[in-house]
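Okay, structure first, notes after.
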Amino acid sequence: GVESKVRTIPKGIEPNDLARWKASWVEQGTRVEDWGWETFQNPEKSNLKEALITEQGGLCCYCEQSVSLTNSHLEHIQPQERFPLLRFDYQNLCASCNGTGAEEGDSGRHCGHRKGNRTLPITPLVENCAVYFQFSLDGHILPENSQAQQTIEVLGLEEANLVRQRSQAIEALREALEFALDIDAEIATIQRECTADTPLREFSTALLYVLNHSV
């Protein structure tokens, strides 16, 4: 079964919008590292974010909260300041939530804005990245090794608001199973909602972990 988090994101082919935008710069004879991020604007920018959100099943690339165009940002997995050649590489781009905490307007508490220019030991693009993490029934994310611990700290995945939301999602899962008339059918539905549906169920990796280890 699926083991846990950070979920591996299946990257596809870059959207035509982005490819055309990059081609226009190439035609001008400019170097990739000289393409400024600030020159990348709408509609290409919002179209790119929409494509990334769809690719990610409607979830943040890091914490797996639901995201939309209005509560997310374009995220460079390898920070663009340190890896300018990857600035417009679709394989390095994802959509992250804005890391909102418990208070209104309290952003940057977790995920991309918290990470900033730091690199991650384990990224959501690494194959089988999920095996480095576990989840407790009360919503905590637990590391399998020091690299996983550092990843959790850099992304703030133990931020109180996130833990609370994960705990609520896990509790809802357990209640659904407890009162299910057909437990096998309910499990199959949850697995589909966490792996195949669009959008995916929030905190799907945590829910699959609980399904595999605690039910």
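In the structure tokens, chains take letters A, B, ... by order of appearance, with residues numbered from 1 within each chain and ligands from 1 in the order shown.
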Neighbour list for Glu159 of chain A as a short mmCIF file (atom, residue, chain, number, x, y, z; two decimals) with C-alpha atoms, in the first residue's frame, cut-off 8 Å, only C-alpha atoms, skip fewer than 4 positions in-chain:
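So part36.cif came out as:
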```cif
data_model
loop_
_atom_site.label_atom_id
_atom_site.label_comp_id
_atom_site.auth_asym_id
_atom_site.auth_seq_id
_atom_site.Cartn_x
_atom_site.Cartn_y
_atom_site.Cartn_z
CA GLY A 101 -1.57 29.64 10.51
CA ARG A 109 4.03 29.42 8.89
CA HIS A 110 4.70 26.33 6.79
CA VAL A 163 -1.41 19.05 13.07
#
```
message: At a cut-off of 12 Å, using only C-alpha atoms, what residues contact Thr189 of chain A? Leave out same-chain residues fewer than 2 positions from it and give the result as a PyMOL selection string.
response: chain A and resi 173+176-177+180+182-187+191-197+200-201+208+211
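When only C-alpha atoms are used to compute distances to Ala23 of chain A, the closest of the residues A:His113, A:Trp35, A:Leu93, A:Asn71 turns out to be A:Trp35.
The gap separating atom CA of Pro15 of chain A from atom CA of Leu157 of chain A is 29.6 Å, in Å to one decimal.
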- prompt: Just asking: which residues within segment 17-86 of chain A are helix (DSSP H, G or I) according to DSSP, as a PyMOL selection string?
  reply: chain A and resi 17-27+32-34+37-39+44-55+84-86
- request: Could you jot down the atom CA of Thr119 of chain A to atom CA of Ala148 of chain A separation for me, Å, one decimal place?
  value: 12.7 Å
message: Show me, as a list of chain:residue names, the residues that have an atom within 12 Å of Arg31 of chain A when counting only C-alpha atoms, minus same-chain residues fewer than 4 positions from it.
response: A:Lys22, A:Ala23, A:Ser24, A:Trp25, A:Val26, A:Glu27, A:Trp35, A:Gly36, A:Pro84, A:Leu85, A:Arg87, A:Phe88
Output file for the selection above: N, CA and C atoms, as a short mmCIF file (atom, residue, chain, number, x, y, z; two decimals), in the first residue's frame:
```cif
data_model
loop_
_atom_site.label_atom_id
_atom_site.label_comp_id
_atom_site.auth_asym_id
_atom_site.auth_seq_id
_atom_site.Cartn_x
_atom_site.Cartn_y
_atom_site.Cartn_z
N LYS A 22 8.90 30.78 -22.94
CA LYS A 22 10.35 30.52 -22.91
C LYS A 22 10.96 30.64 -24.32
N ALA A 23 10.21 30.15 -25.32
CA ALA A 23 10.70 30.22 -26.70
C ALA A 23 10.90 31.66 -27.15
N SER A 24 10.01 32.56 -26.68
CA SER A 24 10.13 33.97 -27.07
C SER A 24 11.44 34.58 -26.55
N TRP A 25 11.87 34.14 -25.37
CA TRP A 25 13.14 34.63 -24.82
C TRP A 25 14.32 34.03 -25.57
N VAL A 26 14.21 32.76 -25.93
CA VAL A 26 15.29 32.10 -26.67
C VAL A 26 15.50 32.79 -28.02
N GLU A 27 14.39 33.17 -28.65
CA GLU A 27 14.47 33.85 -29.95
C GLU A 27 15.19 35.19 -29.85
N TRP A 35 16.73 35.29 -17.39
CA TRP A 35 15.28 35.51 -17.45
C TRP A 35 14.79 35.80 -16.04
N GLY A 36 14.34 37.00 -15.79
CA GLY A 36 13.90 37.38 -14.45
C GLY A 36 12.51 36.85 -14.13
N PRO A 84 19.48 29.23 -10.70
CA PRO A 84 18.82 30.06 -11.71
C PRO A 84 18.51 29.33 -13.01
N LEU A 85 19.28 28.29 -13.34
CA LEU A 85 19.00 27.54 -14.57
C LEU A 85 17.70 26.74 -14.46
N ARG A 87 14.98 28.00 -12.91
CA ARG A 87 13.93 28.97 -12.57
C ARG A 87 12.64 28.72 -13.35
N PHE A 88 12.76 28.40 -14.63
CA PHE A 88 11.57 28.17 -15.46
C PHE A 88 11.48 26.72 -15.94
#
```
query: What is the distance, in Å and to one decimal place, between atom CA of Gly58 of chain A and atom CA of Ser72 of chain A?
result: 10.6 Å
